$ cat start_26.txt   # compact mmCIF, C-alpha atoms and all ligand atoms
# COMPACT_ATOMS: atom_id res chain seq x y z
CA MET A 6 -16.00 43.35 0.15
CA PRO A 7 -17.06 41.76 3.49
CA ASN A 8 -20.76 41.19 3.86
CA HIS A 9 -21.74 43.02 7.06
CA THR A 10 -25.27 42.73 8.31
CA THR A 11 -25.29 46.45 9.09
CA ASP A 12 -23.10 49.31 7.87
CA VAL A 13 -21.04 50.86 10.68
CA VAL A 14 -20.24 54.56 10.49
CA VAL A 15 -18.08 57.04 12.39
CA ILE A 16 -20.07 60.02 13.62
CA ASP A 17 -17.18 61.78 15.32
CA ALA A 18 -13.62 61.29 16.56
CA VAL A 19 -11.98 63.67 19.00
CA ARG A 20 -8.93 63.68 21.21
CA THR A 21 -7.09 65.62 23.86
CA ALA A 22 -3.84 67.32 23.06
CA PHE A 23 -0.98 64.86 23.66
CA GLY A 24 1.31 65.82 26.55
CA ARG A 25 4.83 64.69 27.34
CA ALA A 26 4.93 62.08 30.09
CA GLY A 27 6.56 63.23 33.30
CA GLU A 28 6.65 66.25 35.56
CA LYS A 29 7.11 68.68 32.70
CA GLY A 30 4.09 67.27 30.92
CA ILE A 31 0.90 69.30 30.63
CA PHE A 32 -1.10 66.45 32.20
CA TRP A 33 1.22 65.65 35.11
CA ASN A 34 -1.44 66.80 37.59
CA THR A 35 -4.38 65.37 35.63
CA ARG A 36 -5.75 61.85 36.09
CA ALA A 37 -6.36 59.55 33.12
CA GLU A 38 -10.14 59.62 33.64
CA ASP A 39 -10.11 63.42 33.60
CA LEU A 40 -8.60 63.33 30.11
CA CYS A 41 -11.63 61.35 28.91
CA ILE A 42 -14.50 63.26 30.49
CA PRO A 43 -14.08 66.44 28.37
CA LEU A 44 -14.14 64.23 25.26
CA LEU A 45 -17.59 62.87 26.16
CA ARG A 46 -18.89 66.38 26.82
CA ALA A 47 -17.49 67.51 23.48
CA LEU A 48 -19.24 64.68 21.63
CA ILE A 49 -22.55 65.86 23.04
CA SER A 50 -21.98 69.51 22.19
CA ARG A 51 -20.64 68.72 18.70
CA THR A 52 -23.51 66.40 17.73
CA PRO A 53 -26.90 68.11 18.10
CA GLY A 54 -29.46 65.43 18.87
CA LEU A 55 -27.00 63.09 20.58
CA SER A 56 -27.84 62.24 24.17
CA PRO A 57 -26.09 59.90 26.61
CA ASP A 58 -29.07 57.54 26.70
CA MET A 59 -28.42 56.63 23.05
CA VAL A 60 -24.98 55.20 23.94
CA GLU A 61 -25.20 51.46 24.60
CA ASP A 62 -21.67 50.70 25.76
CA SER A 63 -18.41 52.48 26.53
CA ILE A 64 -15.49 50.41 25.26
CA TRP A 65 -12.02 51.80 26.01
CA GLY A 66 -8.56 50.61 25.21
CA VAL A 67 -6.02 51.04 28.00
CA THR A 68 -2.74 49.20 28.18
CA ASN A 69 -1.78 49.57 31.81
CA GLN A 70 -4.95 48.63 33.68
CA ILE A 71 -3.81 49.45 37.19
CA GLY A 72 -4.04 52.49 39.47
CA GLU A 73 -6.20 55.24 38.00
CA GLN A 74 -6.44 53.23 34.76
CA GLY A 75 -7.66 50.11 36.53
CA GLY A 76 -11.08 49.33 37.95
CA THR A 77 -12.65 49.07 34.47
CA ILE A 78 -12.04 52.65 33.39
CA GLY A 79 -14.32 52.13 30.38
CA ARG A 80 -17.26 51.80 32.77
CA MET A 81 -16.10 54.67 34.98
CA ILE A 82 -15.69 57.26 32.21
CA PRO A 83 -19.42 57.76 31.44
CA ILE A 84 -20.23 57.65 35.16
CA LEU A 85 -17.60 60.32 35.90
CA ALA A 86 -18.97 62.36 32.99
CA GLU A 87 -22.32 62.17 34.79
CA TRP A 88 -23.98 60.27 32.00
CA GLY A 89 -25.69 57.99 34.55
CA TRP A 90 -25.45 54.36 35.57
CA GLU A 91 -27.25 53.00 32.53
CA ILE A 92 -24.22 53.06 30.21
CA PRO A 93 -22.11 49.96 30.73
CA GLY A 94 -18.42 49.90 29.96
CA CYS A 95 -15.30 47.78 29.71
CA SER A 96 -11.54 48.06 29.18
CA ILE A 97 -9.48 46.31 26.51
CA ASP A 98 -5.73 45.68 26.32
CA ARG A 99 -3.89 45.00 23.07
CA MET A 100 -1.01 47.29 24.03
CA CYS A 101 -0.48 49.99 21.39
CA ALA A 102 -3.58 48.90 19.48
CA SER A 103 -5.82 48.78 22.57
CA GLY A 104 -7.87 51.76 21.39
CA LEU A 105 -8.01 50.50 17.81
CA THR A 106 -9.16 47.14 19.16
CA ALA A 107 -11.89 48.92 21.16
CA ILE A 108 -12.98 50.37 17.83
CA GLY A 109 -12.65 46.95 16.15
CA PHE A 110 -14.79 45.18 18.75
CA SER A 111 -17.33 48.00 18.58
CA THR A 112 -17.61 47.95 14.80
CA SER A 113 -18.17 44.19 14.78
CA HIS A 114 -20.69 44.55 17.62
CA ILE A 115 -22.69 47.05 15.61
CA ALA A 116 -22.21 45.18 12.34
CA CYS A 117 -23.86 42.07 13.72
CA GLY A 118 -26.76 44.01 15.21
CA MET A 119 -25.85 43.86 18.90
CA ALA A 120 -25.79 47.64 19.29
CA ASP A 121 -26.56 50.82 17.36
CA CYS A 122 -24.45 53.41 19.14
CA LEU A 123 -21.14 52.89 20.96
CA LEU A 124 -18.30 54.89 22.41
CA ALA A 125 -14.93 53.40 21.51
CA GLY A 126 -11.83 55.12 22.76
CA GLY A 127 -8.40 54.82 24.25
CA VAL A 128 -6.49 56.48 27.05
CA GLU A 129 -2.98 56.22 28.40
CA HIS A 130 -1.23 58.28 31.02
CA MET A 131 2.34 57.09 30.56
CA GLY A 132 3.57 59.68 33.05
CA HIS A 133 1.59 58.15 35.90
CA LEU A 134 1.75 54.54 34.68
CA PRO A 135 4.93 53.97 32.67
CA MET A 136 5.22 51.21 30.08
CA GLY A 137 5.68 47.82 31.72
CA TYR A 138 4.97 49.19 35.21
CA MET A 139 4.25 46.30 37.62
CA ARG A 140 4.42 43.76 34.79
CA ASP A 141 5.01 40.24 36.08
CA SER A 142 5.82 38.06 33.10
CA HIS A 143 5.59 34.30 33.19
CA PRO A 144 9.03 32.69 33.74
CA ARG A 145 8.82 31.05 30.29
CA ALA A 146 7.65 34.18 28.47
CA GLU A 147 11.11 35.50 27.58
CA GLU A 148 12.22 32.25 26.01
CA LEU A 149 8.98 31.79 24.09
CA LEU A 150 8.89 35.38 22.86
CA GLY A 151 12.36 34.98 21.34
CA GLY A 152 14.55 36.65 23.97
CA PRO A 153 14.69 39.66 26.29
CA SER A 154 14.53 42.23 23.49
CA ALA A 155 10.89 41.26 22.87
CA PHE A 156 9.98 43.12 26.07
CA ASN A 157 11.61 46.39 25.04
CA MET A 158 10.06 48.09 22.04
CA GLY A 159 13.12 50.19 21.29
CA MET A 160 15.20 47.00 21.14
CA THR A 161 12.70 45.44 18.72
CA ALA A 162 13.26 48.45 16.47
CA GLU A 163 17.06 47.94 16.71
CA ASN A 164 16.42 44.30 15.75
CA ILE A 165 14.64 45.44 12.56
CA HIS A 166 17.70 47.53 11.67
CA ASP A 167 19.88 44.43 12.28
CA ARG A 168 17.78 42.04 10.26
CA PHE A 169 17.07 44.41 7.40
CA PRO A 170 20.23 46.51 7.13
CA GLU A 171 18.90 48.17 3.99
CA PHE A 172 17.09 50.49 6.45
CA THR A 173 19.84 52.73 7.76
CA LYS A 174 19.90 55.27 10.60
CA GLU A 175 20.18 58.03 8.00
CA MET A 176 16.96 56.84 6.39
CA ALA A 177 15.25 56.65 9.77
CA ASP A 178 16.34 60.20 10.64
CA LYS A 179 15.21 61.48 7.25
CA TYR A 180 11.83 59.86 7.77
CA ALA A 181 11.58 61.36 11.29
CA LEU A 182 12.40 64.82 9.98
CA GLN A 183 9.68 64.43 7.36
CA SER A 184 7.16 63.49 10.10
CA GLN A 185 8.11 66.56 12.15
CA GLN A 186 7.90 68.84 9.12
CA LYS A 187 4.50 67.52 8.05
CA ALA A 188 3.18 67.86 11.62
CA ALA A 189 4.52 71.42 11.90
CA GLU A 190 2.80 72.37 8.67
CA ALA A 191 -0.48 70.72 9.70
CA ILE A 192 -0.47 72.40 13.11
CA VAL A 193 0.20 75.86 11.66
CA ALA A 194 -2.55 75.26 9.10
CA GLY A 195 -5.00 74.52 11.94
CA LYS A 196 -5.61 70.87 11.04
CA MET A 197 -5.57 69.82 14.71
CA ASP A 198 -8.02 72.48 15.88
CA ASP A 199 -11.24 70.66 15.13
CA MET A 200 -10.21 67.34 16.67
CA ILE A 201 -8.54 68.58 19.89
CA VAL A 202 -10.83 69.09 22.87
CA PRO A 203 -9.32 71.54 25.38
CA VAL A 204 -8.71 70.25 28.91
CA GLU A 205 -8.40 72.61 31.89
CA VAL A 206 -5.34 71.54 33.87
CA GLU A 207 -3.10 72.56 36.72
CA ARG A 208 0.63 72.67 36.00
CA ALA A 209 3.24 71.19 38.35
CA ASP A 210 3.77 74.71 39.81
CA GLY A 211 0.06 75.05 40.63
CA THR A 212 -0.84 77.52 37.86
CA LYS A 213 -3.87 76.75 35.68
CA MET A 214 -3.88 76.44 31.91
CA THR A 215 -5.96 75.16 29.03
CA ALA A 216 -4.21 72.23 27.39
CA ASP A 217 -5.22 72.43 23.76
CA LYS A 218 -1.91 72.02 21.91
CA ASP A 219 0.23 68.96 21.43
CA GLN A 220 3.37 69.21 23.52
CA HIS A 221 5.56 66.64 21.78
CA PRO A 222 6.16 68.04 18.24
CA ARG A 223 9.61 69.55 17.66
CA PRO A 224 9.25 71.79 14.61
CA GLU A 225 12.86 72.93 15.02
CA THR A 226 14.14 69.42 14.19
CA THR A 227 17.04 69.19 11.74
CA LEU A 228 18.91 66.23 10.27
CA GLU A 229 22.09 67.46 11.96
CA GLY A 230 20.32 67.57 15.34
CA LEU A 231 18.88 64.09 14.86
CA ALA A 232 22.29 62.67 13.90
CA LYS A 233 23.76 63.77 17.25
CA LEU A 234 21.20 62.06 19.51
CA LYS A 235 22.10 59.18 21.83
CA THR A 236 20.93 55.66 21.07
CA PRO A 237 19.36 54.62 24.40
CA PHE A 238 18.57 51.05 23.39
CA ARG A 239 22.16 50.08 22.41
CA GLU A 240 25.37 51.40 23.89
CA GLN A 241 27.34 50.60 20.74
CA GLY A 242 26.11 50.82 17.16
CA GLY A 243 22.52 51.78 17.95
CA ARG A 244 20.33 53.51 15.40
CA VAL A 245 17.13 54.20 17.35
CA THR A 246 17.02 57.58 19.13
CA ALA A 247 14.50 59.86 20.84
CA GLY A 248 14.31 61.66 17.50
CA ASN A 249 13.36 58.73 15.28
CA ALA A 250 11.09 56.99 17.82
CA SER A 251 7.64 57.88 19.08
CA GLY A 252 7.62 59.45 22.52
CA LEU A 253 6.30 58.69 25.99
CA ASN A 254 3.04 60.60 26.28
CA ASP A 255 -0.28 61.20 28.02
CA GLY A 256 -3.52 61.50 26.08
CA ALA A 257 -6.98 60.22 25.26
CA ALA A 258 -9.09 59.91 22.12
CA VAL A 259 -12.57 58.60 21.41
CA THR A 260 -14.84 57.75 18.50
CA LEU A 261 -18.62 57.68 18.35
CA LEU A 262 -19.72 54.74 16.20
CA MET A 263 -23.23 53.98 14.99
CA SER A 264 -25.14 51.76 12.65
CA ARG A 265 -25.75 53.72 9.47
CA GLU A 266 -29.49 53.25 9.83
CA ALA A 267 -29.60 54.64 13.39
CA ALA A 268 -27.35 57.53 12.37
CA GLU A 269 -29.62 58.44 9.49
CA GLN A 270 -32.73 58.14 11.67
CA SER A 271 -31.12 60.54 14.17
CA GLY A 272 -30.28 62.99 11.40
CA PHE A 273 -26.50 62.67 11.92
CA ARG A 274 -24.11 63.04 9.03
CA PRO A 275 -21.53 60.28 9.29
CA SER A 276 -18.12 60.93 7.84
CA MET A 277 -16.81 57.46 7.13
CA ARG A 278 -17.78 53.81 6.99
CA TRP A 279 -15.92 50.85 8.43
CA VAL A 280 -14.96 48.36 5.74
CA ALA A 281 -12.76 45.65 7.30
CA THR A 282 -10.36 44.83 10.14
CA ALA A 283 -7.52 42.32 10.43
CA VAL A 284 -4.96 41.37 13.07
CA ALA A 285 -1.74 39.42 12.53
CA GLY A 286 1.01 37.96 14.68
CA VAL A 287 4.78 37.92 13.94
CA ASP A 288 8.08 37.21 15.69
CA PRO A 289 7.81 39.45 18.81
CA THR A 290 11.47 40.48 18.56
CA ILE A 291 10.63 42.36 15.34
CA MET A 292 7.11 43.39 16.33
CA GLY A 293 7.27 46.50 14.14
CA THR A 294 7.04 44.40 10.98
CA ALA A 295 3.51 43.18 11.82
CA PRO A 296 1.52 45.92 10.02
CA VAL A 297 2.62 44.22 6.78
CA PRO A 298 0.78 40.87 7.28
CA ALA A 299 -2.12 42.67 9.01
CA THR A 300 -2.51 44.96 6.00
CA GLU A 301 -2.17 42.11 3.51
CA LYS A 302 -4.97 40.33 5.38
CA VAL A 303 -7.28 43.34 5.59
CA LEU A 304 -6.80 44.15 1.91
CA ALA A 305 -7.67 40.56 1.02
CA LYS A 306 -10.78 40.68 3.20
CA ALA A 307 -11.90 43.93 1.59
CA GLY A 308 -11.01 42.81 -1.94
CA LEU A 309 -8.90 45.95 -2.34
CA THR A 310 -5.24 46.72 -3.03
CA MET A 311 -2.75 49.29 -1.73
CA GLU A 312 -3.44 51.20 -4.94
CA ASP A 313 -7.02 51.70 -3.75
CA MET A 314 -5.86 53.31 -0.49
CA ASP A 315 -6.01 57.07 -0.95
CA ILE A 316 -5.04 57.87 2.64
CA ILE A 317 -2.65 55.77 4.72
CA GLU A 318 -2.21 56.39 8.44
CA ILE A 319 0.52 54.29 10.01
CA ASN A 320 1.38 54.66 13.66
CA GLU A 321 5.03 55.64 13.69
CA ALA A 322 6.18 53.70 16.74
CA PHE A 323 9.66 53.89 15.21
CA ALA A 324 10.87 55.29 11.90
CA VAL A 325 12.51 51.99 10.91
CA GLN A 326 9.24 50.16 11.43
CA ALA A 327 7.34 52.63 9.23
CA LEU A 328 10.08 52.35 6.57
CA TYR A 329 9.81 48.56 6.61
CA PHE A 330 6.05 48.83 6.08
CA LEU A 331 6.36 51.30 3.21
CA ASP A 332 9.03 49.26 1.50
CA ARG A 333 7.24 45.90 1.78
CA MET A 334 3.93 47.41 0.66
CA GLY A 335 5.62 48.88 -2.42
CA LEU A 336 5.33 52.53 -1.34
CA LYS A 337 7.95 55.26 -1.57
CA HIS A 338 9.29 56.63 1.71
CA ASP A 339 7.73 60.00 0.89
CA ASP A 340 4.46 58.73 -0.62
CA PRO A 341 2.09 61.71 -0.25
CA ARG A 342 -0.77 59.42 0.84
CA VAL A 343 1.10 58.42 3.99
CA ASN A 344 0.77 60.35 7.27
CA LYS A 345 0.01 63.59 5.46
CA TRP A 346 -0.19 65.50 8.75
CA GLY A 347 2.81 63.74 10.30
CA GLY A 348 2.73 60.87 12.77
CA ALA A 349 3.55 59.60 16.22
CA ILE A 350 7.23 60.55 15.94
CA ALA A 351 6.04 64.15 16.07
CA TYR A 352 2.77 63.99 18.03
CA GLY A 353 3.81 61.24 20.44
CA HIS A 354 2.26 57.86 21.18
CA PRO A 355 0.14 57.58 24.33
CA LEU A 356 -0.30 53.85 23.58
CA ALA A 357 -4.06 53.09 23.71
CA ALA A 358 -5.01 56.62 22.63
CA SER A 359 -3.08 56.36 19.37
CA GLY A 360 -5.54 54.13 17.46
CA PRO A 361 -8.49 56.49 17.91
CA ARG A 362 -6.10 59.40 17.22
CA LEU A 363 -5.30 57.83 13.85
CA VAL A 364 -9.05 57.51 13.18
CA ALA A 365 -9.53 61.19 14.04
CA PHE A 366 -6.79 61.99 11.50
CA MET A 367 -8.52 59.79 8.91
CA LYS A 368 -11.80 61.61 9.50
CA GLY A 369 -10.10 65.00 9.07
CA LEU A 370 -8.23 63.90 5.96
CA PHE A 371 -11.33 62.36 4.39
CA ALA A 372 -13.26 65.59 5.07
CA GLU A 373 -10.77 67.70 3.16
CA ASN A 374 -10.22 65.15 0.39
CA PRO A 375 -13.59 64.19 -1.11
CA ASP A 376 -11.69 62.60 -3.99
CA ALA A 377 -10.23 60.06 -1.53
CA ARG A 378 -12.37 56.94 -1.24
CA TYR A 379 -10.53 54.40 0.91
CA GLY A 380 -8.20 54.83 3.86
CA LEU A 381 -5.99 52.46 5.83
CA THR A 382 -5.17 52.72 9.53
CA THR A 383 -2.38 50.42 10.70
CA MET A 384 -0.37 49.90 13.88
CA CYS A 385 2.30 47.61 15.25
CA VAL A 386 1.81 46.14 18.69
CA GLY A 387 4.10 44.83 21.42
CA ARG A 388 4.54 41.03 21.65
CA GLY A 389 4.49 40.93 17.84
CA GLN A 390 1.14 41.99 16.49
CA GLY A 391 -0.20 44.18 13.73
CA TYR A 392 -3.66 45.73 13.44
CA SER A 393 -5.11 47.18 10.25
CA VAL A 394 -8.46 48.74 9.42
CA ILE A 395 -9.91 49.97 6.12
CA TRP A 396 -12.39 52.84 6.00
CA GLU A 397 -14.50 54.37 3.25
CA ASN A 398 -15.05 58.10 2.91
CA LEU A 399 -18.79 58.78 2.81
CA ARG A 400 -18.15 62.21 1.30
CA TYR A 401 -16.34 60.57 -1.61
CA SER A 402 -17.42 61.96 -4.92
CA GLN A 403 -15.76 61.12 -8.17
CA VAL A 404 -14.38 64.22 -9.82
C1 LIG A 501 13.41 56.97 22.89
C2 LIG A 501 13.04 57.30 24.33
C3 LIG A 501 13.72 56.33 25.30
C4 LIG A 501 13.52 58.72 24.61
O1 LIG A 501 13.07 59.10 25.86
P1 LIG A 501 13.60 60.43 26.57
O2 LIG A 501 15.06 60.34 26.74
O3 LIG A 501 12.74 60.67 27.74
O4 LIG A 501 13.28 61.48 25.41
P2 LIG A 501 13.43 63.03 25.40
O5 LIG A 501 12.22 63.62 24.78
O6 LIG A 501 13.85 63.54 26.75
O7 LIG A 501 14.62 63.24 24.39
C5 LIG A 501 15.96 62.88 24.71
C6 LIG A 501 16.88 63.96 24.16
O8 LIG A 501 16.72 63.98 22.74
C7 LIG A 501 16.39 65.28 22.32
N1 LIG A 501 15.48 65.19 21.17
C8 LIG A 501 14.36 64.45 21.09
N2 LIG A 501 13.80 64.62 19.87
C9 LIG A 501 14.60 65.46 19.19
C10 LIG A 501 14.55 66.01 17.89
N3 LIG A 501 13.56 65.74 17.05
N4 LIG A 501 15.55 66.84 17.51
C11 LIG A 501 16.56 67.14 18.36
N5 LIG A 501 16.64 66.65 19.62
C12 LIG A 501 15.67 65.83 20.02
C13 LIG A 501 15.74 65.93 23.52
O9 LIG A 501 15.84 67.33 23.48
C14 LIG A 501 16.52 65.35 24.66
O10 LIG A 501 17.73 66.08 24.78
P3 LIG A 501 18.42 66.35 26.21
O11 LIG A 501 18.74 64.97 26.74
O12 LIG A 501 19.59 67.16 25.86
O13 LIG A 501 17.37 67.04 27.02
C15 LIG A 501 11.52 57.23 24.56
O14 LIG A 501 10.88 58.27 23.86
C16 LIG A 501 10.93 55.91 24.12
O15 LIG A 501 11.09 54.91 24.82
N6 LIG A 501 10.23 55.87 22.97
C17 LIG A 501 9.60 54.67 22.48
C18 LIG A 501 8.28 54.45 23.17
C19 LIG A 501 7.70 53.11 22.86
O16 LIG A 501 8.39 52.10 22.88
N7 LIG A 501 6.41 53.06 22.57
C20 LIG A 501 5.76 51.86 22.18
C21 LIG A 501 6.01 51.63 20.77
S1 LIG A 501 5.59 50.03 20.25
$ encode --input "start_26.txt" --output "C-alpha cells" --more "lines below"
Ligand SMILES: CC(C)(COP(=O)(O)OP(=O)(O)OC[C@H]1O[C@@H](n2cnc3c(N)ncnc32)[C@H](O)[C@@H]1OP(=O)(O)O)[C@@H](O)C(=O)NCCC(=O)NCCS
Amino acid sequence: MPNHTTDVVVIDAVRTAFGRAGEKGIFWNTRAEDLCIPLLRALISRTPGLSPDMVEDSIWGVTNQIGEQGGTIGRMIPILAEWGWEIPGCSIDRMCASGLTAIGFSTSHIACGMADCLLAGGVEHMGHLPMGYMRDSHPRAEELLGGPSAFNMGMTAENIHDRFPEFTKEMADKYALQSQQKAAEAIVAGKMDDMIVPVEVERADGTKMTADKDQHPRPETTLEGLAKLKTPFREQGGRVTAGNASGLNDGAAVTLLMSREAAEQSGFRPSMRWVATAVAGVDPTIMGTAPVPATEKVLAKAGLTMEDMDIIEINEAFAVQALYFLDRMGLKHDDPRVNKWGGAIAYGHPLAASGPRLVAFMKGLFAENPDARYGLTTMCVGRGQGYSVIWENLRYSQV
C-alpha cells in the first residue's frame, strides 16, 4: 500500500444531469461555467459546516480550453459562484481524463501536505466546443502518433476491432444493451437522484425548465435496433455505431477532497479514501486499450489484485474498449462488479466531466455496499493514455 503522508478522503461528489450536445440538448443555452456554479452551491448546502474560505484551490479538468471554457475556468468558477477572490484556481487538460487528473493532482497535493481542502472537478460543453475544435496539430504529430486514425476516437475503436477480432460487433452491441439496461434500472430506482444537482435552464425555444435528468440514456434500446445503426467511422465493414459508443454531451461534475484529519476536525463524514493513482501510455491508434496497463500499474502500487476490487467503474468510451479491458483483466463481460449502474454508453461522456462522474458513482455504490472495500475507476484517453485510481470504502464493514 503506498505510504502517503496524509490520508485523502472524498467528502462529496456531485454532478449535473448530462445533456445531449447540440441544439436539442438541455444545455444548449447554458454556458459551461453555469453548469459548475450550481454544483458549488450544492456542496455548501449538502455539507453543514463547509464554507468557501476552507477551500484552498479549485482545480478543474476541461479538454477544450477556449471560448467559454478558456481563460482558466477553474479560477473563474468559484468567482462566478461568488465565493470571493481568495480561492485560486486552474484548468487541466488530459482529454477524457482531464477531470480525473484534476482529482489525481488534488489527492497528491493533499497527501503531501500542501493543502487540506480542494475542489476537483471537470466540465465539458461539447455542444458549444466540439471535440477537436480549433485544434492545430504539429505537422509531425500524425506520423508520430501512428497515422490519421489516432486523431479520431471512433477510428481508434475500429482499430481495436481490427487488431483483436475476437471482439465482434455483436459482442459490442450486447455490451451496449447491457449498459443501457443497467442505467435504466438505476435511474428508475432513483440512484441518480442524490448525485444530480438541478440546473435551471432555458430551452432553445425560450421556455424555462429544470434540468435534473440525464438526456442521453435510451432505455428502449434493443439488440435489433443496435444492429441496424450506421457505422459512421467506416463506410465499409465498420463495427462502431452511435449505439455502442459513448455520446457527445454537455455536463459538469465536482468532488470535494480533504485530508482525513481536517475532515474529522470539521466533523465531516467522509465516504471514501484515495489509495493510489497510475497513468500509462500506449499506441495512440488503439488508445482504448490503455486502461489495462494503467490498472496493472495502480494495482501494483496499491499491492492489490483485481480480485480485491469490489466495484469497478470503467468509462465506456466505446463498447469494444470496455470489452478489451474486461477480457485482459480476466473479468467476464457481465461481471456484476462492473458498471453496476450502467456507463457512458448510456449516460454519455462529456469528456472532462466523466472522471468526477465515475467518482460520484463510486461514492454512491460504496454507500449502498458496505461489504465492498476497494473500488477501481479507470478511463482511456485520446493520444493513447489510460488513467486508473483505487479507492477504499470508509463505510466498509466485514459481514
Ligand atoms: C458515434 C457518434 C458519431 C454518433 O453521433 P450522432 O450521429 O450525433 O448520434 P445520435 O445520437 O444522433 O445517433 C445517431 C442515430 O443512432 C440512433 N441511436 C443512437 N443510439 C441508439 C440506440 N441505443 N438504439 C437505437 N438507436 C440509437 C439515433 O436515434 C440516431 O438515429 P437517427 O439518425 O435516425 O436520428 C458520436 O456519438 C461519437 O462521436 N461518439 C464518440 C465520442 C467520442 O469519441 N468521445 C471520446 C471518447 S475517447
$ residues_around --input "start_26.txt" --residues "region 79-92 of chain A" --least-positions-apart "6" --cutoff "8 Å" --atoms "all atoms listed in the file" --output "PyMOL selection string"
chain A and resi 38+41-43+45-46+57-58+60-66
$ write_last_selection --input "start_26.txt" --atoms "C-alpha atoms" --output "JSON list (two decimals), in the frame of the given file"
[["chain", "number", "residue", "atom", "x", "y", "z"],
["A", 38, "GLU", "CA", -10.14, 59.62, 33.64],
["A", 41, "CYS", "CA", -11.63, 61.35, 28.91],
["A", 42, "ILE", "CA", -14.50, 63.26, 30.49],
["A", 43, "PRO", "CA", -14.08, 66.44, 28.37],
["A", 45, "LEU", "CA", -17.59, 62.87, 26.16],
["A", 46, "ARG", "CA", -18.89, 66.38, 26.82],
["A", 57, "PRO", "CA", -26.09, 59.90, 26.61],
["A", 58, "ASP", "CA", -29.07, 57.54, 26.70],
["A", 60, "VAL", "CA", -24.98, 55.20, 23.94],
["A", 61, "GLU", "CA", -25.20, 51.46, 24.60],
["A", 62, "ASP", "CA", -21.67, 50.70, 25.76],
["A", 63, "SER", "CA", -18.41, 52.48, 26.53],
["A", 64, "ILE", "CA", -15.49, 50.41, 25.26],
["A", 65, "TRP", "CA", -12.02, 51.80, 26.01],
["A", 66, "GLY", "CA", -8.56, 50.61, 25.21]]
$ residues_near_ligand --input "start_26.txt" --ligand "ligand LIG 501 (chain A)" --cutoff "6 Å" --atoms "only C-alpha atoms and all ligand atoms" --output "ChimeraX atom specification"
/A:158-159,223,226,230-231,234,237,246-248,250-253,322,386-387
$ residues_around --input "start_26.txt" --residues "Thr106 (chain A)" --least-positions-apart "5" --cutoff "10 Å" --atoms "all atoms listed in the file" --output "list in words"
Ile64, Trp65, Gly66, Ile97, Asp98, Arg99, Met100, Cys101, Ser111, Thr112, Ala125, Gly126, Gly127, Thr282, Val284, Ala357, Gly360, Pro361, Tyr392, Ser393 and Val394 of chain A
$ closest_residue --input "start_26.txt" --among "A:Glu205, A:Pro289, A:Ile165, A:Leu304" --to "Asp217 (chain A)" --atoms "all atoms listed in the file"
A:Glu205
$ atom_distance --input "start_26.txt" --atom1 "CA of Asp219 (chain A)" --atom2 "CA of Leu124 (chain A)"
23.3 Å
$ axis_aligned_box --input "start_26.txt" --around "region 193-210 of chain A" --padding-each-side "5 Å" --output "lines of an AutoDock Vina configuration file"
center_x = -3.7
center_y = 71.6
center_z = 24.5
size_x = 25.0
size_y = 18.5
size_z = 40.7
$ residues_around --input "start_26.txt" --residues "Met200 (chain A)" --least-positions-apart "2" --cutoff "6 Å" --atoms "all atoms listed in the file" --output "list in words"
Val19, Arg20, Met197 and Asp198 of chain A
$ write_last_selection --input "start_26.txt" --atoms "C-alpha atoms" --output "PDB file, keeping the file's coordinate frame"
ATOM      1  CA  VAL A  19     -11.980  63.670  19.000  1.00  0.00           C
ATOM      2  CA  ARG A  20      -8.930  63.680  21.210  1.00  0.00           C
ATOM      3  CA  MET A 197      -5.570  69.820  14.710  1.00  0.00           C
ATOM      4  CA  ASP A 198      -8.020  72.480  15.880  1.00  0.00           C
TER       5      ASP A 198
END
$ residues_around --input "start_26.txt" --residues "region 168-173 of chain A" --least-positions-apart "6" --cutoff "9 Å" --atoms "all atoms listed in the file" --output "PDB file with C-alpha atoms, in the frame of the given file"
ATOM      1  CA  ARG A 244      20.330  53.510  15.400  1.00  0.00           C
ATOM      2  CA  ILE A 291      10.630  42.360  15.340  1.00  0.00           C
ATOM      3  CA  VAL A 325      12.510  51.990  10.910  1.00  0.00           C
ATOM      4  CA  LEU A 328      10.080  52.350   6.570  1.00  0.00           C
ATOM      5  CA  TYR A 329       9.810  48.560   6.610  1.00  0.00           C
TER       6      TYR A 329
END
$ closest_atom_pairs --input "start_26.txt" --of "region 289-369 of chain A" --to "region 377-384 of chain A" --cutoff "6 Å" --atoms "all atoms listed in the file" --output "tab-separated table"
residue	atom	partner	partner_atom	distance
A:Pro296	CA	A:Met384	CA	5.9
A:Met314	CA	A:Tyr379	CA	5.0
A:Asp315	CA	A:Ala377	CA	5.2
A:Ile316	CA	A:Gly380	CA	4.6
A:Ile317	CA	A:Leu381	CA	4.8
A:Glu318	CA	A:Thr382	CA	4.8
A:Ile319	CA	A:Thr383	CA	4.9
A:Asn320	CA	A:Met384	CA	5.1
$ closest_residue --input "start_26.txt" --among "A:Ala47, A:Met311, A:Val303, A:Ala365" --to "Arg342 (chain A)" --atoms "only C-alpha atoms"
A:Met311
$ atom_distance --input "start_26.txt" --atom1 "CA of Glu269 (chain A)" --atom2 "CA of Ile115 (chain A)"
14.7 Å
$ atom_distance --input "start_26.txt" --atom1 "CA of Ile49 (chain A)" --atom2 "CA of Met119 (chain A)"
22.6 Å
$ closest_residue --input "start_26.txt" --among "A:Ser402, A:Gln70, A:Ser113, A:Asn164" --to "Gly137 (chain A)" --atoms "only C-alpha atoms"
A:Gln70
$ residues_near_point --input "start_26.txt" --point "(-0.3, 68.4, 37.3)" --cutoff "7 Å" --atoms "all atoms listed in the file" --output "VMD selection string"
chain A and resid 31 to 35 206 to 209
$ closest_residue --input "start_26.txt" --among "A:Glu373, A:Glu321, A:Glu190, A:Glu397" --to "Gly348 (chain A)" --atoms "all atoms listed in the file"
A:Glu321
$ closest_residue --input "start_26.txt" --among "A:Leu55, A:Ala372, A:Leu44, A:Val13" --to "Ile201 (chain A)" --atoms "all atoms listed in the file"
A:Leu44
